[in-house]
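Working notes, structure below.
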Amino acid sequence: MLFRSQRRQLPVGQASDATLSADGKTLYFTRSGLRSDNARQYRGGAIARLWALDLGSHAEARPLLAEGNNDRRPLPYRSGGAERIAFLSDRDGTVNLWSVNAQGGDLRQHTTHKGWDIRHASIDGSRVVYALGADLYLVDLAQSAAPTKLDVSLGGDFDQQRERWIKKPQDFLTDITFAPNGERVLLAARGHLATQ
């Protein structure tokens, strides 16, 4: 049996990073914000703010947090039977992971990175993976454990053709030939030629 998804227009403007609550009754979204901009500690008119919209009523969307910080990327999860919304915020000077309850209270900070901003957070249950610089980190919001850096190894085809540095290339020399005038030398190592 084929099901067709229903589309409907939602009464939200300037929205991005939208996600539904676990029960599908509330839409959490970011309004405004400088998208794909590297501005830090921006506090102007386009500041990113988290909003909530009850999809079952005809009420207007409400701001989830009233403070003047860049709050974006809502990530709803359940903790202790209650819904919480994790999000990225620069309220401590660096973009870190924070959370609030569904009413916008009980603010908690989950990461305390300095220098590099968290980017590209994604959630599964209560576990969040995020990019920090060139690394990936995992933090479980239901536990109070510190974030752990993930070890990533990328496999690929033709690994033997990748350029690599050899500590002692002289161990791989197969042939040496001097020019007739003695001013140059030709070296052969691992099938490659080099002249000096």
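By convention here, the chains of the structure tokens are called A, B, ... in the order presented, each chain's residues are numbered starting at 1, and ligands are numbered starting at 1 in the order presented.
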Tell me, counting only C-alpha atoms, for each residue of segment 34-97 of chain A within 10 Å of segment 13-29 of chain A, which pair of atoms is nearest and how far apart they are in Å to one decimal, in rows ordered by chain and increasing number, as a tab-separated table.
```
residue	atom	partner	partner_atom	distance
A:Arg35	CA	A:Ser16	CA	9.2
A:Ala48	CA	A:Ser16	CA	9.8
A:Arg49	CA	A:Phe29	CA	8.3
A:Leu50	CA	A:Phe29	CA	5.8
A:Trp51	CA	A:Phe29	CA	5.4
A:Ala52	CA	A:Tyr28	CA	4.6
A:Leu53	CA	A:Leu27	CA	5.1
A:Asp54	CA	A:Thr26	CA	4.6
A:Leu55	CA	A:Lys25	CA	5.4
A:Gly56	CA	A:Lys25	CA	6.2
A:Ser57	CA	A:Lys25	CA	9.4
A:Ala61	CA	A:Leu27	CA	8.9
A:Arg62	CA	A:Tyr28	CA	9.8
A:Pro63	CA	A:Phe29	CA	9.6
A:Leu64	CA	A:Tyr28	CA	8.5
A:Arg72	CA	A:Asp17	CA	7.4
A:Arg73	CA	A:Asp17	CA	5.4
A:Pro74	CA	A:Tyr28	CA	6.3
A:Leu75	CA	A:Thr19	CA	7.2
A:Pro76	CA	A:Ser21	CA	5.9
A:Tyr77	CA	A:Ala22	CA	7.2
A:Arg78	CA	A:Ala22	CA	8.0
A:Glu83	CA	A:Ala22	CA	8.0
A:Arg84	CA	A:Ser21	CA	9.2
A:Ile85	CA	A:Tyr28	CA	8.5
```
*Determine which residues of segment 55-130 of chain A DSSP labels as strand (DSSP E) from the backbone of this structure, then write them out as an MDAnalysis selection string.*
chainID A and resid 62:63 71:79 82:89 96:101 108:109 118:124 127:130
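Among the candidate residues A:Val185, A:Arg190, A:Gln41, A:Glu60, the one lying nearest to Ile166 of chain A is A:Arg190, with distances computed using only C-alpha atoms.
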*Spatial neighbours of Gly133 of chain A, 10 Å, only C-alpha atoms, chain gap at least 6 places, as a list in words*: Gly115, Trp116, Asp117, Ile118 and Arg119 of chain A
*For each of A:Asn69, A:Ser32, A:Ser79, A:Gln196, take the minimum atom-to-atom distance to Gly93 of chain A, counting only C-alpha atoms, then give the residue where this is smallest.*
A:Asn69
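Considering only C-alpha atoms, the residue among A:Ser144, A:Leu187, A:Gly105, A:Ala86 positioned nearest to Val128 of chain A is A:Ala86.
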*Go ahead and compute the interatomic distance for atom CA of Ser99 of chain A and atom CA of Arg8 of chain A, in Å to one decimal.*
28.9 Å
*Skipping near chain neighbours, those fewer than 5 positions away, what residues fall within 7 Å of Ala121 of chain A using only C-alpha atoms, listed as a PyMOL selection string?*
chain A and resi 128-131
*Given only C-alpha atoms as the counted atoms, nearest of A:Pro147, A:Pro169, A:Gly191, A:Gly80 to His113 of chain A*: A:Pro147
